Amino acid sequence: MAVSAVDSRIFRNLFGTQEIRDIFTDEAYVESLIEVEAALARAESTVGVIPIDAGKRITDAFARLQIEYEIEQRCLLVQFGGAAGTIAALGADDTGLRVREQLAAELGLKNPGITWHVARDNIAEILNFLALVGGTLGKIALDVMIMSSNEFDEVSEPFVPHRGASSTMPQKRNPISSEVILAASKMLRANASLGLDAMVTDFERASGPWHLEWVAIPDAFVTAVGALHQTNFALGGLVVKVDSMKRNLYSTKGLIVGEAVMMGLAPHLGRQGAHDLVYEACKSAIEQNRSLLEVLEEVPSLVGIATPEELAALCDPLKYMGASQLMVDSMVRRTV
């Protein structure tokens with residue numbers, strides 16, 4: 001019986017993937033514990049705390065589990081400090097410190113230099129990083145959802161028969177992936193908050209707040225991977241409706257490019273003069289339900305300043321795209 005959507009046999013593939021869930025199974029958790037113990041044996045045998053060949057014999061018994069993340073330089077730190085963080089069980093000299101350094105090397109983690117049992121900022125940073133990823137994906141999803149509405153009809157998610165169909169309205173084709181991504185982004189922000197709460201601990205042996213991480217970390221990773229998976233599906237086959245986009249672009253009858261007209265006329269009328277003229281022209285266009293170009297063509301003060309062709313070019317949204325294409329091309333080159 002599932003108690004959350006990420007575990008539900010019905011919903012789990014919406015909010016995650018099998019691959020990421022496998023990382024957080026009880027079996028995987030125990031394997032990680034065993035790997036740490038084996039790595040500790042190797043570290044202690046290297047330093048000379050236990051017989052030199054004991055570490056290898058122990059290691060030769062389990063499989064190594066290793067996962068790489070983006071912010072590992074700051075956040076993936078080895079934790080080895082004993083009951084109070086002093087590593088006192090290994091003596092008062094630097095033996096404990098050398099074991100910790102070697103343990104970090106064995107596990108492919110960073111040696112923190114100091115015990116961090118109750119300094120949970122690295123965990124909070126991971127959770128907040130995932131929340132930032134979720135925020136970016138959520139913004140994309142929200143735009144897709146709005147642009148998929150009948151009023152805009154500019155994009156739609158890839159069509160799969162019966163996917164997104166409504167039980168009561170057969171004409172609907174809901175943007176399922178975007179809806180899930182948006183929900184996931186909110187869940188990730190909630191887990192980030194739990195990570196920040198877990199930072200506030202008492203002295204050098206926390207009495208409970210870090211247990212929040214047991215819930216927040218696996219849930220956040222599964223949810224983030226699920227959101228990425230859904231985003232990959234939605235954008236990988238996104239249907240872009242160019243004609244609808246063009247129709248919406250021209251729907252304001254030129255008002256959308258009021259700035260372009262103002263900047264085009266500023267060299268002749270001055271910045272403020274051009275602003276005032278375009279403001280009045282836009283006001284008239286709205287009140288009279290006319291295009292901005294039609295109104296501008298009747299402004300006496302523009303005679304001899306701008307030809308009808310020049311005014312038409314200034315009122316054309318497609319001629320006021322700026323450096324957008326260059327920026328898109330630059331980003332594409334960076335990701336290929």
# chains A, B, ... in the order shown; residues from 1 in each chain; ligands from 1
call {"tool": "residues_around", "arguments": {"residues": "region 143-145 of chain A", "least_positions_apart": "4", "cutoff": "7 Å", "atoms": "only C-alpha atoms", "output": "ChimeraX atom specification"}}
result
/A:139,149,155,175,178
call {"tool": "residues_around", "arguments": {"residues": "region 100-113 of chain A", "least_positions_apart": "5", "cutoff": "10 Å", "atoms": "only C-alpha atoms", "output": "MDAnalysis selection string"}}
result
chainID A and resid 35:47 64:68 72:81 87 94:95
call {"tool": "select_by_dssp", "arguments": {"residues": "region 27-226 of chain A", "states": "alpha helix (DSSP H)", "output": "MDAnalysis selection string"}}
result
chainID A and resid 27:47 54:59 72:75 95:107 121:147 176:197 212:226
call {"tool": "closest_residue", "arguments": {"among": "A:Met331, A:Met321, A:Ala5, A:Ala184", "to": "His229 (chain A)", "atoms": "only C-alpha atoms"}}
result
A:Ala184
call {"tool": "closest_residue", "arguments": {"among": "A:Ala183, A:Ala220, A:Ala88, A:Ile123", "to": "Phe24 (chain A)", "atoms": "only C-alpha atoms"}}
result
A:Ala220
call {"tool": "residues_around", "arguments": {"residues": "Val222 (chain A)", "least_positions_apart": "6", "cutoff": "7 Å", "atoms": "only C-alpha atoms", "output": "list of chain:residue names"}}
result
A:Gly16, A:Ile20, A:Arg21
call {"tool": "closest_residue", "arguments": {"among": "A:Ala260, A:Ala281, A:Arg333, A:His275", "to": "Ala313 (chain A)", "atoms": "only C-alpha atoms"}}
result
A:Ala260
call {"tool": "residues_around", "arguments": {"residues": "Val225 (chain A)", "least_positions_apart": "4", "cutoff": "12 Å", "atoms": "only C-alpha atoms", "output": "PyMOL selection string"}}
result
chain A and resi 6+12-21+23+130-131+133-134+137+181+184-185+188+218-221+229-232
call {"tool": "closest_residue", "arguments": {"among": "A:Lys241, A:Lys319, A:His268, A:His211", "to": "Gly254 (chain A)", "atoms": "only C-alpha atoms"}}
result
A:Lys319
call {"tool": "closest_residue", "arguments": {"among": "A:Ser207, A:Thr252, A:Ser284, A:Asn174", "to": "Glu298 (chain A)", "atoms": "only C-alpha atoms"}}
result
A:Ser284
call {"tool": "atom_distance", "arguments": {"atom1": "CA of Glu213 (chain A)", "atom2": "CA of Gly82 (chain A)"}}
result
19.9 Å
call {"tool": "closest_residue", "arguments": {"among": "A:Val118, A:Gly226, A:Asn289, A:Ala266", "to": "Asp202 (chain A)", "atoms": "only C-alpha atoms"}}
result
A:Val118
call {"tool": "atom_distance", "arguments": {"atom1": "CA of Thr223 (chain A)", "atom2": "CA of Lys186 (chain A)"}}
result
10.1 Å
call {"tool": "select_by_dssp", "arguments": {"residues": "region 68-285 of chain A", "states": "strand (DSSP E)", "output": "NGL selection string"}}
result
:A and (155-156 or 239-240)
call {"tool": "residues_around", "arguments": {"residues": "Ala119 (chain A)", "least_positions_apart": "5", "cutoff": "12 Å", "atoms": "only C-alpha atoms", "output": "PyMOL selection string"}}
result
chain A and resi 75+77+79+85+112+114+124-125+195-206+209-210
call {"tool": "write_last_selection", "arguments": {"atoms": "C-alpha atoms", "output": "PDB file, in the first residue's frame"}}
result
ATOM      1  CA  CYS A  75      27.992  19.138  -0.799  1.00  0.00           C
ATOM      2  CA  LEU A  77      31.185  15.298   2.059  1.00  0.00           C
ATOM      3  CA  GLN A  79      30.745  12.073   7.483  1.00  0.00           C
ATOM      4  CA  GLY A  85      32.331  14.482  16.364  1.00  0.00           C
ATOM      5  CA  PRO A 112      35.317  18.295   5.038  1.00  0.00           C
ATOM      6  CA  ILE A 114      35.938  19.221  10.312  1.00  0.00           C
ATOM      7  CA  ALA A 124      19.930  21.997   2.514  1.00  0.00           C
ATOM      8  CA  GLU A 125      21.892  23.251  -0.492  1.00  0.00           C
ATOM      9  CA  GLY A 195      16.035  20.998   4.530  1.00  0.00           C
ATOM     10  CA  LEU A 196      16.320  24.513   5.923  1.00  0.00           C
ATOM     11  CA  ASP A 197      14.368  23.493   9.007  1.00  0.00           C
ATOM     12  CA  ALA A 198      16.720  20.555   9.549  1.00  0.00           C
ATOM     13  CA  MET A 199      19.659  22.955   9.782  1.00  0.00           C
ATOM     14  CA  VAL A 200      18.517  24.243  13.184  1.00  0.00           C
ATOM     15  CA  THR A 201      19.928  21.606  15.538  1.00  0.00           C
ATOM     16  CA  ASP A 202      21.051  21.516  19.126  1.00  0.00           C
ATOM     17  CA  PHE A 203      24.739  21.394  20.045  1.00  0.00           C
ATOM     18  CA  GLU A 204      26.832  18.586  18.529  1.00  0.00           C
ATOM     19  CA  ARG A 205      24.371  15.710  18.559  1.00  0.00           C
ATOM     20  CA  ALA A 206      21.030  16.569  17.017  1.00  0.00           C
ATOM     21  CA  PRO A 209      15.488  17.751  13.158  1.00  0.00           C
ATOM     22  CA  TRP A 210      17.784  15.930  10.736  1.00  0.00           C
TER      23      TRP A 210
END
call {"tool": "atom_distance", "arguments": {"atom1": "CA of Phe62 (chain A)", "atom2": "CA of Leu127 (chain A)"}}
result
29.3 Å
call {"tool": "decode", "arguments": {"residues": "region 82-225 of chain A", "atoms": "C-alpha atoms", "output": "PDB file, in the first residue's frame"}}
result
ATOM      1  CA  GLY A  82      32.146   9.376  16.176  1.00  0.00           C
ATOM      2  CA  ALA A  83      29.604  10.002  18.890  1.00  0.00           C
ATOM      3  CA  ALA A  84      30.464  13.637  19.550  1.00  0.00           C
ATOM      4  CA  GLY A  85      32.331  14.482  16.364  1.00  0.00           C
ATOM      5  CA  THR A  86      35.797  14.234  17.891  1.00  0.00           C
ATOM      6  CA  ILE A  87      36.814  10.810  16.484  1.00  0.00           C
ATOM      7  CA  ALA A  88      38.063  10.140  20.022  1.00  0.00           C
ATOM      8  CA  ALA A  89      37.795   6.374  19.565  1.00  0.00           C
ATOM      9  CA  LEU A  90      40.876   6.503  17.321  1.00  0.00           C
ATOM     10  CA  GLY A  91      43.011   8.409  19.808  1.00  0.00           C
ATOM     11  CA  ALA A  92      44.131  11.945  20.475  1.00  0.00           C
ATOM     12  CA  ASP A  93      46.631  12.161  17.599  1.00  0.00           C
ATOM     13  CA  ASP A  94      45.831  12.670  13.915  1.00  0.00           C
ATOM     14  CA  THR A  95      44.970   9.013  13.253  1.00  0.00           C
ATOM     15  CA  GLY A  96      41.249   9.726  13.134  1.00  0.00           C
ATOM     16  CA  LEU A  97      41.764  12.646  10.764  1.00  0.00           C
ATOM     17  CA  ARG A  98      43.897  10.520   8.453  1.00  0.00           C
ATOM     18  CA  VAL A  99      41.278   7.755   8.492  1.00  0.00           C
ATOM     19  CA  ARG A 100      38.579  10.286   7.571  1.00  0.00           C
ATOM     20  CA  GLU A 101      40.707  11.651   4.746  1.00  0.00           C
ATOM     21  CA  GLN A 102      41.332   8.160   3.410  1.00  0.00           C
ATOM     22  CA  LEU A 103      37.662   7.220   3.847  1.00  0.00           C
ATOM     23  CA  ALA A 104      36.681  10.214   1.700  1.00  0.00           C
ATOM     24  CA  ALA A 105      39.120   9.062  -0.976  1.00  0.00           C
ATOM     25  CA  GLU A 106      37.772   5.516  -0.872  1.00  0.00           C
ATOM     26  CA  LEU A 107      34.183   6.722  -1.320  1.00  0.00           C
ATOM     27  CA  GLY A 108      34.942   9.396  -3.884  1.00  0.00           C
ATOM     28  CA  LEU A 109      33.671  12.083  -1.501  1.00  0.00           C
ATOM     29  CA  LYS A 110      35.212  15.294  -0.209  1.00  0.00           C
ATOM     30  CA  ASN A 111      37.038  15.484   3.100  1.00  0.00           C
ATOM     31  CA  PRO A 112      35.317  18.295   5.038  1.00  0.00           C
ATOM     32  CA  GLY A 113      38.259  19.006   7.308  1.00  0.00           C
ATOM     33  CA  ILE A 114      35.938  19.221  10.312  1.00  0.00           C
ATOM     34  CA  THR A 115      33.069  17.120  11.628  1.00  0.00           C
ATOM     35  CA  TRP A 116      29.718  18.298  10.250  1.00  0.00           C
ATOM     36  CA  HIS A 117      27.178  16.126  12.085  1.00  0.00           C
ATOM     37  CA  VAL A 118      25.022  19.148  12.877  1.00  0.00           C
ATOM     38  CA  ALA A 119      26.098  21.468  10.057  1.00  0.00           C
ATOM     39  CA  ARG A 120      23.412  20.470   7.569  1.00  0.00           C
ATOM     40  CA  ASP A 121      23.810  23.356   5.133  1.00  0.00           C
ATOM     41  CA  ASN A 122      25.238  21.036   2.473  1.00  0.00           C
ATOM     42  CA  ILE A 123      22.099  18.890   2.602  1.00  0.00           C
ATOM     43  CA  ALA A 124      19.930  21.997   2.514  1.00  0.00           C
ATOM     44  CA  GLU A 125      21.892  23.251  -0.492  1.00  0.00           C
ATOM     45  CA  ILE A 126      21.230  20.027  -2.394  1.00  0.00           C
ATOM     46  CA  LEU A 127      17.524  20.246  -1.644  1.00  0.00           C
ATOM     47  CA  ASN A 128      17.436  23.911  -2.607  1.00  0.00           C
ATOM     48  CA  PHE A 129      19.349  23.184  -5.812  1.00  0.00           C
ATOM     49  CA  LEU A 130      16.689  20.625  -6.724  1.00  0.00           C
ATOM     50  CA  ALA A 131      14.034  23.208  -5.860  1.00  0.00           C
ATOM     51  CA  LEU A 132      15.707  25.685  -8.232  1.00  0.00           C
ATOM     52  CA  VAL A 133      15.651  23.069 -10.967  1.00  0.00           C
ATOM     53  CA  GLY A 134      11.988  22.476 -10.173  1.00  0.00           C
ATOM     54  CA  GLY A 135      11.279  26.192 -10.286  1.00  0.00           C
ATOM     55  CA  THR A 136      12.765  26.462 -13.773  1.00  0.00           C
ATOM     56  CA  LEU A 137      10.828  23.430 -14.982  1.00  0.00           C
ATOM     57  CA  GLY A 138       7.668  24.725 -13.315  1.00  0.00           C
ATOM     58  CA  LYS A 139       7.933  28.035 -15.145  1.00  0.00           C
ATOM     59  CA  ILE A 140       8.283  26.177 -18.463  1.00  0.00           C
ATOM     60  CA  ALA A 141       5.317  23.967 -17.595  1.00  0.00           C
ATOM     61  CA  LEU A 142       3.110  26.897 -16.641  1.00  0.00           C
ATOM     62  CA  ASP A 143       3.872  28.646 -19.936  1.00  0.00           C
ATOM     63  CA  VAL A 144       3.072  25.479 -21.879  1.00  0.00           C
ATOM     64  CA  MET A 145      -0.208  25.084 -19.995  1.00  0.00           C
ATOM     65  CA  ILE A 146      -1.269  28.662 -20.700  1.00  0.00           C
ATOM     66  CA  MET A 147      -0.132  28.530 -24.320  1.00  0.00           C
ATOM     67  CA  SER A 148      -2.101  25.279 -24.747  1.00  0.00           C
ATOM     68  CA  SER A 149      -5.387  26.899 -23.791  1.00  0.00           C
ATOM     69  CA  ASN A 150      -8.014  27.403 -26.473  1.00  0.00           C
ATOM     70  CA  GLU A 151      -7.609  31.159 -26.257  1.00  0.00           C
ATOM     71  CA  PHE A 152      -3.923  31.002 -27.229  1.00  0.00           C
ATOM     72  CA  ASP A 153      -3.623  27.585 -28.916  1.00  0.00           C
ATOM     73  CA  GLU A 154       0.082  28.173 -29.629  1.00  0.00           C
ATOM     74  CA  VAL A 155       1.514  24.834 -28.486  1.00  0.00           C
ATOM     75  CA  SER A 156       0.405  21.420 -27.350  1.00  0.00           C
ATOM     76  CA  GLU A 157       2.100  18.467 -25.734  1.00  0.00           C
ATOM     77  CA  PRO A 158       2.878  15.409 -27.875  1.00  0.00           C
ATOM     78  CA  PHE A 159      -0.307  13.574 -28.750  1.00  0.00           C
ATOM     79  CA  VAL A 160      -0.731  10.082 -27.368  1.00  0.00           C
ATOM     80  CA  PRO A 161      -4.152   8.453 -27.841  1.00  0.00           C
ATOM     81  CA  HIS A 162      -6.322   8.882 -24.738  1.00  0.00           C
ATOM     82  CA  ARG A 163      -3.515  10.600 -22.801  1.00  0.00           C
ATOM     83  CA  GLY A 164      -4.918  13.716 -21.181  1.00  0.00           C
ATOM     84  CA  ALA A 165      -8.476  12.933 -22.170  1.00  0.00           C
ATOM     85  CA  SER A 166     -11.194  14.068 -19.801  1.00  0.00           C
ATOM     86  CA  SER A 167     -13.653  11.546 -18.388  1.00  0.00           C
ATOM     87  CA  THR A 168     -16.502  14.042 -18.811  1.00  0.00           C
ATOM     88  CA  MET A 169     -15.314  16.190 -21.708  1.00  0.00           C
ATOM     89  CA  PRO A 170     -14.080  14.012 -24.583  1.00  0.00           C
ATOM     90  CA  GLN A 171     -12.966  17.025 -26.586  1.00  0.00           C
ATOM     91  CA  LYS A 172     -10.266  17.920 -24.066  1.00  0.00           C
ATOM     92  CA  ARG A 173      -6.583  17.135 -24.453  1.00  0.00           C
ATOM     93  CA  ASN A 174      -5.056  18.112 -21.125  1.00  0.00           C
ATOM     94  CA  PRO A 175      -1.339  18.985 -20.845  1.00  0.00           C
ATOM     95  CA  ILE A 176      -0.725  16.160 -18.383  1.00  0.00           C
ATOM     96  CA  SER A 177       3.072  16.415 -18.275  1.00  0.00           C
ATOM     97  CA  SER A 178       3.003  20.153 -17.637  1.00  0.00           C
ATOM     98  CA  GLU A 179       0.449  19.730 -14.874  1.00  0.00           C
ATOM     99  CA  VAL A 180       2.636  17.106 -13.185  1.00  0.00           C
ATOM    100  CA  ILE A 181       5.768  19.243 -13.597  1.00  0.00           C
ATOM    101  CA  LEU A 182       4.052  22.241 -12.030  1.00  0.00           C
ATOM    102  CA  ALA A 183       2.940  20.124  -9.071  1.00  0.00           C
ATOM    103  CA  ALA A 184       6.446  18.666  -8.741  1.00  0.00           C
ATOM    104  CA  SER A 185       7.989  22.140  -8.639  1.00  0.00           C
ATOM    105  CA  LYS A 186       5.818  22.992  -5.638  1.00  0.00           C
ATOM    106  CA  MET A 187       6.706  19.702  -3.925  1.00  0.00           C
ATOM    107  CA  LEU A 188      10.413  20.422  -4.428  1.00  0.00           C
ATOM    108  CA  ARG A 189      10.071  23.849  -2.830  1.00  0.00           C
ATOM    109  CA  ALA A 190       8.362  22.238   0.143  1.00  0.00           C
ATOM    110  CA  ASN A 191      11.231  19.756   0.539  1.00  0.00           C
ATOM    111  CA  ALA A 192      13.730  22.602   0.322  1.00  0.00           C
ATOM    112  CA  SER A 193      11.963  24.189   3.261  1.00  0.00           C
ATOM    113  CA  LEU A 194      12.309  20.943   5.235  1.00  0.00           C
ATOM    114  CA  GLY A 195      16.035  20.998   4.530  1.00  0.00           C
ATOM    115  CA  LEU A 196      16.320  24.513   5.923  1.00  0.00           C
ATOM    116  CA  ASP A 197      14.368  23.493   9.007  1.00  0.00           C
ATOM    117  CA  ALA A 198      16.720  20.555   9.549  1.00  0.00           C
ATOM    118  CA  MET A 199      19.659  22.955   9.782  1.00  0.00           C
ATOM    119  CA  VAL A 200      18.517  24.243  13.184  1.00  0.00           C
ATOM    120  CA  THR A 201      19.928  21.606  15.538  1.00  0.00           C
ATOM    121  CA  ASP A 202      21.051  21.516  19.126  1.00  0.00           C
ATOM    122  CA  PHE A 203      24.739  21.394  20.045  1.00  0.00           C
ATOM    123  CA  GLU A 204      26.832  18.586  18.529  1.00  0.00           C
ATOM    124  CA  ARG A 205      24.371  15.710  18.559  1.00  0.00           C
ATOM    125  CA  ALA A 206      21.030  16.569  17.017  1.00  0.00           C
ATOM    126  CA  SER A 207      17.918  15.369  18.820  1.00  0.00           C
ATOM    127  CA  GLY A 208      15.719  14.989  15.804  1.00  0.00           C
ATOM    128  CA  PRO A 209      15.488  17.751  13.158  1.00  0.00           C
ATOM    129  CA  TRP A 210      17.784  15.930  10.736  1.00  0.00           C
ATOM    130  CA  HIS A 211      15.244  13.104  10.529  1.00  0.00           C
ATOM    131  CA  LEU A 212      13.384  15.443   8.193  1.00  0.00           C
ATOM    132  CA  GLU A 213      16.110  14.666   5.667  1.00  0.00           C
ATOM    133  CA  TRP A 214      15.078  11.009   5.608  1.00  0.00           C
ATOM    134  CA  VAL A 215      11.808  12.129   4.044  1.00  0.00           C
ATOM    135  CA  ALA A 216      12.955  15.162   2.065  1.00  0.00           C
ATOM    136  CA  ILE A 217      16.036  13.793   0.276  1.00  0.00           C
ATOM    137  CA  PRO A 218      14.638  10.691  -1.460  1.00  0.00           C
ATOM    138  CA  ASP A 219      11.343  12.423  -2.177  1.00  0.00           C
ATOM    139  CA  ALA A 220      13.119  15.436  -3.682  1.00  0.00           C
ATOM    140  CA  PHE A 221      15.399  13.385  -5.920  1.00  0.00           C
ATOM    141  CA  VAL A 222      12.584  11.156  -7.163  1.00  0.00           C
ATOM    142  CA  THR A 223      10.341  14.170  -7.769  1.00  0.00           C
ATOM    143  CA  ALA A 224      13.090  16.123  -9.550  1.00  0.00           C
ATOM    144  CA  VAL A 225      13.930  13.220 -11.836  1.00  0.00           C
TER     145      VAL A 225
END
